[in-house]
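J.: Supplied structure: data.tsv, TSV, N, CA, C and O atoms.
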```
chain	number	residue	atom	x	y	z
A	1	ARG	N	-97.57	20.09	-35.18
A	1	ARG	CA	-98.58	20.60	-34.26
A	1	ARG	C	-98.82	19.57	-33.16
A	1	ARG	O	-99.16	18.44	-33.42
A	2	GLY	N	-98.66	19.98	-31.92
A	2	GLY	CA	-98.84	19.09	-30.80
A	2	GLY	C	-100.29	18.97	-30.37
A	2	GLY	O	-101.09	19.87	-30.59
A	3	ILE	N	-100.62	17.86	-29.79
A	3	ILE	CA	-101.95	17.62	-29.25
A	3	ILE	C	-101.78	17.35	-27.77
A	3	ILE	O	-100.91	16.58	-27.37
A	4	GLY	N	-102.59	17.97	-26.94
A	4	GLY	CA	-102.49	17.74	-25.51
A	4	GLY	C	-101.32	18.48	-24.89
A	4	GLY	O	-100.68	19.30	-25.52
A	5	VAL	N	-101.07	18.15	-23.64
A	5	VAL	CA	-100.01	18.83	-22.89
A	5	VAL	C	-99.19	17.83	-22.09
A	5	VAL	O	-99.62	16.72	-21.83
A	6	VAL	N	-98.00	18.27	-21.73
A	6	VAL	CA	-97.13	17.51	-20.83
A	6	VAL	C	-96.75	18.44	-19.70
A	6	VAL	O	-96.33	19.57	-19.93
A	7	THR	N	-96.89	17.98	-18.48
A	7	THR	CA	-96.44	18.76	-17.32
A	7	THR	C	-95.43	17.92	-16.55
A	7	THR	O	-95.51	16.69	-16.56
A	8	TRP	N	-94.48	18.58	-15.92
A	8	TRP	CA	-93.50	17.83	-15.15
A	8	TRP	C	-92.94	18.66	-14.01
A	8	TRP	O	-92.99	19.87	-14.02
A	9	ARG	N	-92.40	17.91	-13.06
A	9	ARG	CA	-91.64	18.48	-11.95
A	9	ARG	C	-90.34	17.72	-11.92
A	9	ARG	O	-90.31	16.52	-12.11
A	10	ALA	N	-89.25	18.45	-11.69
A	10	ALA	CA	-87.93	17.81	-11.74
A	10	ALA	C	-87.10	18.18	-10.53
A	10	ALA	O	-87.22	19.27	-9.98
A	11	VAL	N	-86.26	17.23	-10.14
A	11	VAL	CA	-85.28	17.44	-9.08
A	11	VAL	C	-83.92	17.09	-9.68
A	11	VAL	O	-83.72	15.99	-10.19
A	12	GLN	N	-83.01	18.05	-9.66
A	12	GLN	CA	-81.66	17.84	-10.19
A	12	GLN	C	-80.73	17.49	-9.04
A	12	GLN	O	-80.73	18.16	-8.02
A	13	ALA	N	-79.96	16.44	-9.22
A	13	ALA	CA	-78.97	16.03	-8.22
A	13	ALA	C	-77.62	15.85	-8.92
A	13	ALA	O	-77.57	15.82	-10.15
A	14	ALA	N	-76.57	15.71	-8.16
A	14	ALA	CA	-75.24	15.55	-8.75
A	14	ALA	C	-75.15	14.33	-9.65
A	14	ALA	O	-74.45	14.33	-10.65
A	15	SER	N	-75.88	13.27	-9.31
A	15	SER	CA	-75.79	12.03	-10.07
A	15	SER	C	-76.84	11.91	-11.18
A	15	SER	O	-76.85	10.94	-11.91
A	16	GLY	N	-77.73	12.88	-11.30
A	16	GLY	CA	-78.74	12.80	-12.35
A	16	GLY	C	-79.96	13.65	-12.05
A	16	GLY	O	-79.92	14.58	-11.25
A	17	ARG	N	-81.08	13.26	-12.68
A	17	ARG	CA	-82.30	14.03	-12.55
A	17	ARG	C	-83.49	13.08	-12.40
A	17	ARG	O	-83.56	12.05	-13.06
A	18	ILE	N	-84.43	13.46	-11.55
A	18	ILE	CA	-85.66	12.70	-11.34
A	18	ILE	C	-86.82	13.60	-11.78
A	18	ILE	O	-86.91	14.75	-11.35
A	19	ARG	N	-87.68	13.06	-12.66
A	19	ARG	CA	-88.83	13.84	-13.13
A	19	ARG	C	-90.12	13.06	-12.94
A	19	ARG	O	-90.16	11.86	-13.16
A	20	LEU	N	-91.16	13.76	-12.54
A	20	LEU	CA	-92.52	13.25	-12.52
A	20	LEU	C	-93.21	13.92	-13.69
A	20	LEU	O	-93.33	15.14	-13.73
A	21	VAL	N	-93.62	13.13	-14.69
A	21	VAL	CA	-94.14	13.66	-15.94
A	21	VAL	C	-95.56	13.15	-16.17
A	21	VAL	O	-95.81	11.95	-16.07
A	22	ALA	N	-96.48	14.06	-16.49
A	22	ALA	CA	-97.87	13.70	-16.79
A	22	ALA	C	-98.18	14.07	-18.24
A	22	ALA	O	-98.02	15.22	-18.64
A	23	PHE	N	-98.56	13.06	-19.03
A	23	PHE	CA	-98.96	13.26	-20.43
A	23	PHE	C	-100.49	13.27	-20.48
A	23	PHE	O	-101.13	12.37	-19.96
A	24	SER	N	-101.07	14.26	-21.15
A	24	SER	CA	-102.51	14.24	-21.37
A	24	SER	C	-102.81	13.25	-22.50
A	24	SER	O	-101.92	12.90	-23.28
A	25	PRO	N	-104.06	12.78	-22.61
A	25	PRO	CA	-104.40	11.82	-23.67
A	25	PRO	C	-104.03	12.34	-25.06
A	25	PRO	O	-104.24	13.50	-25.39
A	26	GLY	N	-103.45	11.45	-25.87
A	26	GLY	CA	-103.11	11.76	-27.24
A	26	GLY	C	-101.82	12.52	-27.43
A	26	GLY	O	-101.45	12.85	-28.54
A	27	ARG	N	-101.11	12.80	-26.38
A	27	ARG	CA	-99.90	13.63	-26.47
A	27	ARG	C	-98.72	12.85	-27.02
A	27	ARG	O	-98.27	11.88	-26.42
A	28	PRO	N	-98.17	13.26	-28.19
A	28	PRO	CA	-96.94	12.64	-28.67
A	28	PRO	C	-95.73	13.35	-28.05
A	28	PRO	O	-95.82	14.50	-27.63
A	29	SER	N	-94.61	12.66	-28.00
A	29	SER	CA	-93.38	13.28	-27.53
A	29	SER	C	-92.91	14.28	-28.57
A	29	SER	O	-93.03	14.05	-29.76
A	30	ASN	N	-92.35	15.39	-28.13
A	30	ASN	CA	-91.86	16.40	-29.07
A	30	ASN	C	-90.37	16.27	-29.32
A	30	ASN	O	-89.76	17.12	-29.93
A	31	ARG	N	-89.75	15.22	-28.82
A	31	ARG	CA	-88.33	15.01	-29.05
A	31	ARG	C	-87.98	13.54	-28.91
A	31	ARG	O	-88.74	12.76	-28.36
A	32	ARG	N	-86.82	13.17	-29.40
A	32	ARG	CA	-86.31	11.82	-29.24
A	32	ARG	C	-85.13	11.87	-28.28
A	32	ARG	O	-84.49	12.90	-28.13
A	33	CYS	N	-84.86	10.77	-27.63
A	33	CYS	CA	-83.83	10.74	-26.59
A	33	CYS	C	-82.97	9.50	-26.76
A	33	CYS	O	-83.45	8.46	-27.19
A	34	SER	N	-81.70	9.61	-26.37
A	34	SER	CA	-80.82	8.44	-26.39
A	34	SER	C	-80.03	8.32	-25.08
A	34	SER	O	-79.04	7.64	-25.00
A	35	ARG	N	-80.52	9.01	-24.04
A	35	ARG	CA	-79.84	8.97	-22.74
A	35	ARG	C	-80.19	7.72	-21.95
A	35	ARG	O	-81.21	7.09	-22.17
A	36	ASP	N	-79.35	7.42	-20.97
A	36	ASP	CA	-79.57	6.31	-20.05
A	36	ASP	C	-80.59	6.74	-19.00
A	36	ASP	O	-80.38	7.73	-18.32
A	37	HIS	N	-81.71	6.02	-18.91
A	37	HIS	CA	-82.68	6.34	-17.87
A	37	HIS	C	-83.63	5.18	-17.61
A	37	HIS	O	-83.69	4.22	-18.37
A	38	SER	N	-84.33	5.28	-16.50
A	38	SER	CA	-85.33	4.30	-16.10
A	38	SER	C	-86.69	4.96	-16.11
A	38	SER	O	-86.83	6.11	-15.70
A	39	LEU	N	-87.70	4.22	-16.56
A	39	LEU	CA	-89.07	4.72	-16.60
A	39	LEU	C	-89.94	3.84	-15.72
A	39	LEU	O	-89.83	2.62	-15.77
A	40	LEU	N	-90.80	4.44	-14.94
A	40	LEU	CA	-91.80	3.73	-14.16
A	40	LEU	C	-93.14	4.37	-14.46
A	40	LEU	O	-93.33	5.57	-14.19
A	41	ALA	N	-94.05	3.61	-15.05
A	41	ALA	CA	-95.39	4.13	-15.33
A	41	ALA	C	-96.21	4.03	-14.04
A	41	ALA	O	-96.36	2.95	-13.48
A	42	LEU	N	-96.67	5.15	-13.57
A	42	LEU	CA	-97.46	5.19	-12.33
A	42	LEU	C	-98.95	5.06	-12.60
A	42	LEU	O	-99.69	4.52	-11.79
A	43	ASP	N	-99.38	5.57	-13.76
A	43	ASP	CA	-100.80	5.56	-14.10
A	43	ASP	C	-100.94	5.66	-15.61
A	43	ASP	O	-100.09	6.25	-16.28
A	44	GLY	N	-102.01	5.11	-16.17
A	44	GLY	CA	-102.28	5.23	-17.59
A	44	GLY	C	-101.47	4.26	-18.42
A	44	GLY	O	-100.98	3.24	-17.93
A	45	GLU	N	-101.32	4.58	-19.71
A	45	GLU	CA	-100.60	3.74	-20.64
A	45	GLU	C	-99.67	4.60	-21.49
A	45	GLU	O	-100.08	5.60	-22.07
A	46	PHE	N	-98.43	4.18	-21.60
A	46	PHE	CA	-97.37	4.94	-22.25
A	46	PHE	C	-96.77	4.07	-23.35
A	46	PHE	O	-96.46	2.90	-23.11
A	47	LEU	N	-96.63	4.61	-24.56
A	47	LEU	CA	-96.05	3.87	-25.68
A	47	LEU	C	-94.66	4.41	-25.98
A	47	LEU	O	-94.50	5.61	-26.21
A	48	GLY	N	-93.67	3.55	-25.97
A	48	GLY	CA	-92.30	3.95	-26.30
A	48	GLY	C	-91.90	3.37	-27.64
A	48	GLY	O	-91.96	2.16	-27.83
A	49	ALA	N	-91.52	4.22	-28.60
A	49	ALA	CA	-91.12	3.79	-29.93
A	49	ALA	C	-89.60	3.90	-30.06
A	49	ALA	O	-89.03	4.93	-29.75
A	50	ILE	N	-88.98	2.83	-30.54
A	50	ILE	CA	-87.53	2.80	-30.69
A	50	ILE	C	-87.18	3.00	-32.16
A	50	ILE	O	-87.81	2.41	-33.04
A	51	GLN	N	-86.18	3.84	-32.42
A	51	GLN	CA	-85.74	4.10	-33.79
A	51	GLN	C	-85.40	2.78	-34.47
A	51	GLN	O	-84.73	1.93	-33.90
A	52	GLY	N	-85.86	2.60	-35.68
A	52	GLY	CA	-85.61	1.36	-36.40
A	52	GLY	C	-86.71	0.33	-36.22
A	52	GLY	O	-86.63	-0.78	-36.73
A	53	GLY	N	-87.75	0.69	-35.48
A	53	GLY	CA	-88.88	-0.22	-35.31
A	53	GLY	C	-89.06	-0.68	-33.89
A	53	GLY	O	-88.15	-0.66	-33.08
A	54	GLY	N	-90.26	-1.09	-33.60
A	54	GLY	CA	-90.57	-1.61	-32.29
A	54	GLY	C	-91.23	-0.58	-31.39
A	54	GLY	O	-90.79	0.55	-31.30
A	55	VAL	N	-92.32	-1.01	-30.78
A	55	VAL	CA	-93.05	-0.18	-29.82
A	55	VAL	C	-93.27	-1.02	-28.58
A	55	VAL	O	-93.65	-2.18	-28.66
A	56	ARG	N	-93.02	-0.43	-27.43
A	56	ARG	CA	-93.24	-1.13	-26.17
A	56	ARG	C	-94.23	-0.33	-25.35
A	56	ARG	O	-94.11	0.88	-25.23
A	57	THR	N	-95.21	-1.03	-24.78
A	57	THR	CA	-96.24	-0.40	-23.97
A	57	THR	C	-95.93	-0.58	-22.50
A	57	THR	O	-95.60	-1.68	-22.06
A	58	LEU	N	-96.02	0.52	-21.75
A	58	LEU	CA	-95.89	0.45	-20.29
A	58	LEU	C	-97.24	0.81	-19.71
A	58	LEU	O	-97.77	1.89	-19.97
A	59	GLY	N	-97.81	-0.10	-18.94
A	59	GLY	CA	-99.04	0.18	-18.22
A	59	GLY	C	-98.71	0.54	-16.79
A	59	GLY	O	-97.55	0.53	-16.38
A	60	ALA	N	-99.72	0.87	-16.01
A	60	ALA	CA	-99.52	1.26	-14.61
A	60	ALA	C	-98.70	0.22	-13.86
A	60	ALA	O	-98.89	-0.98	-14.02
A	61	CYS	N	-97.74	0.69	-13.10
A	61	CYS	CA	-96.87	-0.13	-12.24
A	61	CYS	C	-95.93	-1.03	-13.03
A	61	CYS	O	-95.52	-2.09	-12.54
A	62	THR	N	-95.55	-0.63	-14.25
A	62	THR	CA	-94.54	-1.36	-15.00
A	62	THR	C	-93.35	-0.44	-15.25
A	62	THR	O	-93.48	0.77	-15.25
A	63	ALA	N	-92.18	-1.05	-15.45
A	63	ALA	CA	-90.96	-0.26	-15.58
A	63	ALA	C	-90.15	-0.71	-16.79
A	63	ALA	O	-90.33	-1.81	-17.30
A	64	ARG	N	-89.24	0.16	-17.21
A	64	ARG	CA	-88.34	-0.14	-18.33
A	64	ARG	C	-87.03	0.59	-18.11
A	64	ARG	O	-87.02	1.75	-17.69
A	65	GLN	N	-85.93	-0.05	-18.44
A	65	GLN	CA	-84.59	0.54	-18.35
A	65	GLN	C	-84.08	0.76	-19.76
A	65	GLN	O	-84.11	-0.16	-20.57
A	66	LEU	N	-83.61	1.96	-20.07
A	66	LEU	CA	-83.02	2.27	-21.37
A	66	LEU	C	-81.58	2.66	-21.15
A	66	LEU	O	-81.28	3.52	-20.33
A	67	SER	N	-80.66	2.04	-21.89
A	67	SER	CA	-79.25	2.33	-21.71
A	67	SER	C	-78.77	3.38	-22.69
A	67	SER	O	-79.41	3.65	-23.69
A	68	GLU	N	-77.63	3.97	-22.38
A	68	GLU	CA	-77.05	5.03	-23.20
A	68	GLU	C	-76.77	4.60	-24.62
A	68	GLU	O	-76.86	5.38	-25.55
A	69	ASP	N	-76.43	3.32	-24.80
A	69	ASP	CA	-76.12	2.83	-26.14
A	69	ASP	C	-77.36	2.33	-26.88
A	69	ASP	O	-77.26	1.79	-27.97
A	70	ALA	N	-78.53	2.53	-26.30
A	70	ALA	CA	-79.78	2.12	-26.96
A	70	ALA	C	-80.09	3.06	-28.11
A	70	ALA	O	-79.62	4.19	-28.16
A	71	ALA	N	-80.89	2.58	-29.03
A	71	ALA	CA	-81.32	3.41	-30.16
A	71	ALA	C	-82.16	4.57	-29.64
A	71	ALA	O	-82.78	4.49	-28.58
A	72	SER	N	-82.18	5.62	-30.41
A	72	SER	CA	-83.00	6.79	-30.08
A	72	SER	C	-84.46	6.35	-29.94
A	72	SER	O	-84.93	5.49	-30.66
A	73	HIS	N	-85.16	6.95	-29.00
A	73	HIS	CA	-86.54	6.55	-28.75
A	73	HIS	C	-87.41	7.76	-28.48
A	73	HIS	O	-86.94	8.80	-28.04
A	74	GLY	N	-88.69	7.62	-28.78
A	74	GLY	CA	-89.69	8.66	-28.54
A	74	GLY	C	-90.87	8.03	-27.84
A	74	GLY	O	-90.87	6.84	-27.54
A	75	SER	N	-91.91	8.81	-27.59
A	75	SER	CA	-93.01	8.27	-26.81
A	75	SER	C	-94.33	8.97	-27.12
A	75	SER	O	-94.35	10.05	-27.71
A	76	SER	N	-95.41	8.35	-26.68
A	76	SER	CA	-96.73	8.97	-26.75
A	76	SER	C	-97.61	8.32	-25.68
A	76	SER	O	-97.28	7.28	-25.13
A	77	ALA	N	-98.72	8.96	-25.40
A	77	ALA	CA	-99.66	8.46	-24.39
A	77	ALA	C	-101.07	8.65	-24.94
A	77	ALA	O	-101.67	9.70	-24.76
A	78	GLN	N	-101.58	7.64	-25.62
A	78	GLN	CA	-102.90	7.75	-26.26
A	78	GLN	C	-104.02	7.98	-25.25
A	78	GLN	O	-104.96	8.70	-25.52
A	79	THR	N	-103.91	7.37	-24.08
A	79	THR	CA	-104.96	7.50	-23.06
A	79	THR	C	-104.53	8.37	-21.89
A	79	THR	O	-105.26	8.51	-20.92
A	80	GLY	N	-103.31	8.93	-21.97
A	80	GLY	CA	-102.76	9.71	-20.86
A	80	GLY	C	-101.91	8.81	-20.00
A	80	GLY	O	-102.10	7.61	-19.94
A	81	ALA	N	-100.91	9.40	-19.34
A	81	ALA	CA	-100.02	8.60	-18.49
A	81	ALA	C	-99.28	9.51	-17.53
A	81	ALA	O	-99.07	10.68	-17.80
A	82	CYS	N	-98.86	8.92	-16.41
A	82	CYS	CA	-98.01	9.60	-15.45
A	82	CYS	C	-96.78	8.72	-15.24
A	82	CYS	O	-96.91	7.52	-14.96
A	83	LEU	N	-95.59	9.29	-15.44
A	83	LEU	CA	-94.34	8.54	-15.36
A	83	LEU	C	-93.38	9.14	-14.35
A	83	LEU	O	-93.35	10.35	-14.16
A	84	LEU	N	-92.58	8.28	-13.76
A	84	LEU	CA	-91.43	8.70	-12.96
A	84	LEU	C	-90.22	8.33	-13.81
A	84	LEU	O	-90.05	7.17	-14.22
A	85	ILE	N	-89.39	9.32	-14.15
A	85	ILE	CA	-88.23	9.11	-15.02
A	85	ILE	C	-86.98	9.47	-14.24
A	85	ILE	O	-86.86	10.58	-13.72
A	86	VAL	N	-86.04	8.53	-14.16
A	86	VAL	CA	-84.78	8.75	-13.47
A	86	VAL	C	-83.68	8.68	-14.52
A	86	VAL	O	-83.49	7.64	-15.17
A	87	ALA	N	-82.98	9.80	-14.73
A	87	ALA	CA	-81.91	9.87	-15.73
A	87	ALA	C	-80.57	10.09	-15.03
A	87	ALA	O	-80.44	10.98	-14.21
A	88	SER	N	-79.60	9.25	-15.37
A	88	SER	CA	-78.25	9.43	-14.80
A	88	SER	C	-77.45	10.36	-15.70
A	88	SER	O	-77.83	10.63	-16.83
A	89	ARG	N	-76.36	10.85	-15.17
A	89	ARG	CA	-75.50	11.76	-15.95
A	89	ARG	C	-74.54	10.99	-16.79
A	89	ARG	O	-74.13	9.99	-16.63
```
Show the structure stored in the file as structure tokens.

T.:
Amino acid sequence: RGIGVVTWRAVQAASGRIRLVAFSPGRPSNRRCSRDHSLLALDGEFLGAIQGGGVRTLGACTARQLSEDAASHGSSAQTGACLLIVASR
């Protein structure tokens, strides 16, 4: 059972996809990902959990790069967050 909502807008290009994603407070991710992408937290606080342990927090104006060979990861936003996500193909 999910809590909160996630809204997004996406632009698809030949080299990848750019998404602006807004998590409401308390919203857990409903899926795990292992794709290569960059995250930029624009507002709020975003928690990224990596398979096998470890949680990394992104606050406003912080960024993180995840590579294709990285462990599967999921996310949540306890206080809400707005992210810019750039995923390559």

J.: Report, in Å to a single decimal, how far apart CA of Ala49 (chain A) and CA of Ala14 (chain A) are.

T.: 29.0 Å

J.: Nearest residue to Asp36 (chain A) out of A:Ala63, A:Val11, A:Leu20, A:Ile85, using only N, CA, C and O atoms?

T.: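 Ranked by minimum distance to Asp36 (chain A), first place goes to A:Ile85.
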
J.: So that I can check the surroundings of Thr62 (chain A), please list as a list in words every protein, DNA and RNA residue that reaches within 9 Å of it, counting only C-alpha atoms and ignoring chain neighbours fewer than 6 positions away.

T.: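 Final neighbour list, sorted by chain and number: Leu39, Leu40, Ala41 and Leu42 of chain A.
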
J.: Using only N, CA, C and O atoms, pick whichever of A:Gly74, A:Phe46, A:Cys82, A:Gln51 has the shortest atom-to-atom distance to Val21 (chain A).

T.: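 For Val21 (chain A), the nearest of the given residues is A:Cys82.
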
J.: Take atom O of Thr7 (chain A) and CA of Leu84 (chain A) and report the distance between them in Å, one decimal.

T.: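 Taking atom O of Thr7 (chain A) as the start and CA of Leu84 (chain A) as the end point, the length is 9.7 Å.
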
J.: Kindly indicate which residue among A:Leu47, A:Ala77, A:Val55, A:Ala87 lies nearest to Ser24 (chain A), using only C-alpha atoms for the distances.

T.: A:Ala77

J.: I'd like the interatomic distance between CA of Leu83 (chain A) and atom O of Gly16 (chain A), to a tenth of an Å.

T.: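 Taking CA of Leu83 (chain A) as the start and atom O of Gly16 (chain A) as the end point, the length is 16.2 Å.
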
J.: Nearest residue to Arg9 (chain A) out of A:Ala22, A:Ser88, A:Gly59, A:Gln65, using all atoms listed in the file?

T.: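 Of all the options, A:Ala22 lies closest to Arg9 (chain A).
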
J.: Would you give me, as a ChimeraX atom specification, the residues in chain A that DSSP reads as strand (DSSP E or B)?

T.: /A:6-13,16-23,27-28,33,37-50,55-59,62-66,73-77,81-88

J.: Ranking A:Gln12, A:Thr57, A:Ser38, A:Ser76 by minimum distance to Pro25 (chain A) and counting all atoms listed in the file, which one comes first?

T.: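 Closest candidate: A:Ser76.
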
J.: Which polymer residues have any atom within 6 Å of an atom of Gly44 (chain A), counting all atoms listed in the file, with same-chain residues fewer than 4 positions away left out, as a list in words?

T.: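 After dropping sequence-adjacent residues, the list is Leu58, Gly59, Ala60, Thr79, Gly80, Ala81 and Cys82 of chain A.
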
J.: For all heavy atoms, please extract region 12-22 of chain A from the block and return it as a PDB file, in the first residue's frame.

T.:
```pdb
ATOM      1  N   GLN A  12      11.378  12.760 -23.704  1.00  0.00           N
ATOM      2  CA  GLN A  12      12.136  11.656 -24.291  1.00  0.00           C
ATOM      3  C   GLN A  12      12.971  12.191 -25.448  1.00  0.00           C
ATOM      4  O   GLN A  12      12.459  12.907 -26.297  1.00  0.00           O
ATOM      5  CB  GLN A  12      11.173  10.574 -24.789  1.00  0.00           C
ATOM      6  CG  GLN A  12      11.833   9.320 -25.262  1.00  0.00           C
ATOM      7  CD  GLN A  12      12.391   8.485 -24.109  1.00  0.00           C
ATOM      8  OE1 GLN A  12      11.782   8.378 -23.068  1.00  0.00           O
ATOM      9  NE2 GLN A  12      13.558   7.927 -24.322  1.00  0.00           N
ATOM     10  N   ALA A  13      14.238  11.837 -25.460  1.00  0.00           N
ATOM     11  CA  ALA A  13      15.134  12.232 -26.552  1.00  0.00           C
ATOM     12  C   ALA A  13      15.858  10.983 -27.047  1.00  0.00           C
ATOM     13  O   ALA A  13      15.812   9.941 -26.398  1.00  0.00           O
ATOM     14  CB  ALA A  13      16.139  13.267 -26.053  1.00  0.00           C
ATOM     15  N   ALA A  14      16.528  11.090 -28.168  1.00  0.00           N
ATOM     16  CA  ALA A  14      17.227   9.936 -28.735  1.00  0.00           C
ATOM     17  C   ALA A  14      18.276   9.388 -27.781  1.00  0.00           C
ATOM     18  O   ALA A  14      18.513   8.186 -27.727  1.00  0.00           O
ATOM     19  CB  ALA A  14      17.870  10.324 -30.063  1.00  0.00           C
ATOM     20  N   SER A  15      18.905  10.257 -27.001  1.00  0.00           N
ATOM     21  CA  SER A  15      19.986   9.817 -26.120  1.00  0.00           C
ATOM     22  C   SER A  15      19.518   9.476 -24.703  1.00  0.00           C
ATOM     23  O   SER A  15      20.319   9.064 -23.876  1.00  0.00           O
ATOM     24  CB  SER A  15      21.060  10.899 -26.043  1.00  0.00           C
ATOM     25  OG  SER A  15      20.492  12.087 -25.539  1.00  0.00           O
ATOM     26  N   GLY A  16      18.244   9.651 -24.406  1.00  0.00           N
ATOM     27  CA  GLY A  16      17.763   9.327 -23.065  1.00  0.00           C
ATOM     28  C   GLY A  16      16.480  10.049 -22.710  1.00  0.00           C
ATOM     29  O   GLY A  16      15.740  10.504 -23.581  1.00  0.00           O
ATOM     30  N   ARG A  17      16.256  10.180 -21.397  1.00  0.00           N
ATOM     31  CA  ARG A  17      15.028  10.782 -20.915  1.00  0.00           C
ATOM     32  C   ARG A  17      15.333  11.712 -19.741  1.00  0.00           C
ATOM     33  O   ARG A  17      16.167  11.400 -18.895  1.00  0.00           O
ATOM     34  CB  ARG A  17      14.078   9.679 -20.458  1.00  0.00           C
ATOM     35  CG  ARG A  17      12.774  10.176 -19.922  1.00  0.00           C
ATOM     36  CD  ARG A  17      11.810   9.057 -19.659  1.00  0.00           C
ATOM     37  NE  ARG A  17      12.381   8.065 -18.765  1.00  0.00           N
ATOM     38  CZ  ARG A  17      11.747   6.991 -18.357  1.00  0.00           C
ATOM     39  NH1 ARG A  17      10.530   6.742 -18.770  1.00  0.00           N
ATOM     40  NH2 ARG A  17      12.314   6.143 -17.539  1.00  0.00           N
ATOM     41  N   ILE A  18      14.636  12.836 -19.695  1.00  0.00           N
ATOM     42  CA  ILE A  18      14.757  13.796 -18.608  1.00  0.00           C
ATOM     43  C   ILE A  18      13.401  13.867 -17.916  1.00  0.00           C
ATOM     44  O   ILE A  18      12.377  14.038 -18.574  1.00  0.00           O
ATOM     45  CB  ILE A  18      15.151  15.194 -19.112  1.00  0.00           C
ATOM     46  CG1 ILE A  18      16.486  15.122 -19.840  1.00  0.00           C
ATOM     47  CG2 ILE A  18      15.203  16.189 -17.961  1.00  0.00           C
ATOM     48  CD1 ILE A  18      16.842  16.396 -20.574  1.00  0.00           C
ATOM     49  N   ARG A  19      13.405  13.697 -16.584  1.00  0.00           N
ATOM     50  CA  ARG A  19      12.156  13.750 -15.826  1.00  0.00           C
ATOM     51  C   ARG A  19      12.265  14.735 -14.680  1.00  0.00           C
ATOM     52  O   ARG A  19      13.295  14.814 -14.017  1.00  0.00           O
ATOM     53  CB  ARG A  19      11.816  12.380 -15.239  1.00  0.00           C
ATOM     54  CG  ARG A  19      11.433  11.367 -16.261  1.00  0.00           C
ATOM     55  CD  ARG A  19      11.139  10.044 -15.624  1.00  0.00           C
ATOM     56  NE  ARG A  19      12.400   9.471 -15.155  1.00  0.00           N
ATOM     57  CZ  ARG A  19      12.501   8.481 -14.290  1.00  0.00           C
ATOM     58  NH1 ARG A  19      11.427   7.954 -13.755  1.00  0.00           N
ATOM     59  NH2 ARG A  19      13.672   8.003 -13.938  1.00  0.00           N
ATOM     60  N   LEU A  20      11.202  15.474 -14.448  1.00  0.00           N
ATOM     61  CA  LEU A  20      11.037  16.303 -13.268  1.00  0.00           C
ATOM     62  C   LEU A  20      10.028  15.559 -12.402  1.00  0.00           C
ATOM     63  O   LEU A  20       8.888  15.354 -12.814  1.00  0.00           O
ATOM     64  CB  LEU A  20      10.523  17.696 -13.641  1.00  0.00           C
ATOM     65  CG  LEU A  20      10.345  18.660 -12.487  1.00  0.00           C
ATOM     66  CD1 LEU A  20      11.674  18.917 -11.781  1.00  0.00           C
ATOM     67  CD2 LEU A  20       9.743  19.962 -12.979  1.00  0.00           C
ATOM     68  N   VAL A  21      10.456  15.103 -11.227  1.00  0.00           N
ATOM     69  CA  VAL A  21       9.645  14.234 -10.384  1.00  0.00           C
ATOM     70  C   VAL A  21       9.433  14.886  -9.026  1.00  0.00           C
ATOM     71  O   VAL A  21      10.390  15.334  -8.393  1.00  0.00           O
ATOM     72  CB  VAL A  21      10.334  12.862 -10.190  1.00  0.00           C
ATOM     73  CG1 VAL A  21       9.461  11.929  -9.371  1.00  0.00           C
ATOM     74  CG2 VAL A  21      10.675  12.238 -11.532  1.00  0.00           C
ATOM     75  N   ALA A  22       8.179  14.923  -8.571  1.00  0.00           N
ATOM     76  CA  ALA A  22       7.837  15.472  -7.255  1.00  0.00           C
ATOM     77  C   ALA A  22       7.253  14.359  -6.388  1.00  0.00           C
ATOM     78  O   ALA A  22       6.271  13.721  -6.764  1.00  0.00           O
ATOM     79  CB  ALA A  22       6.842  16.613  -7.389  1.00  0.00           C
TER      80      ALA A  22
END
```
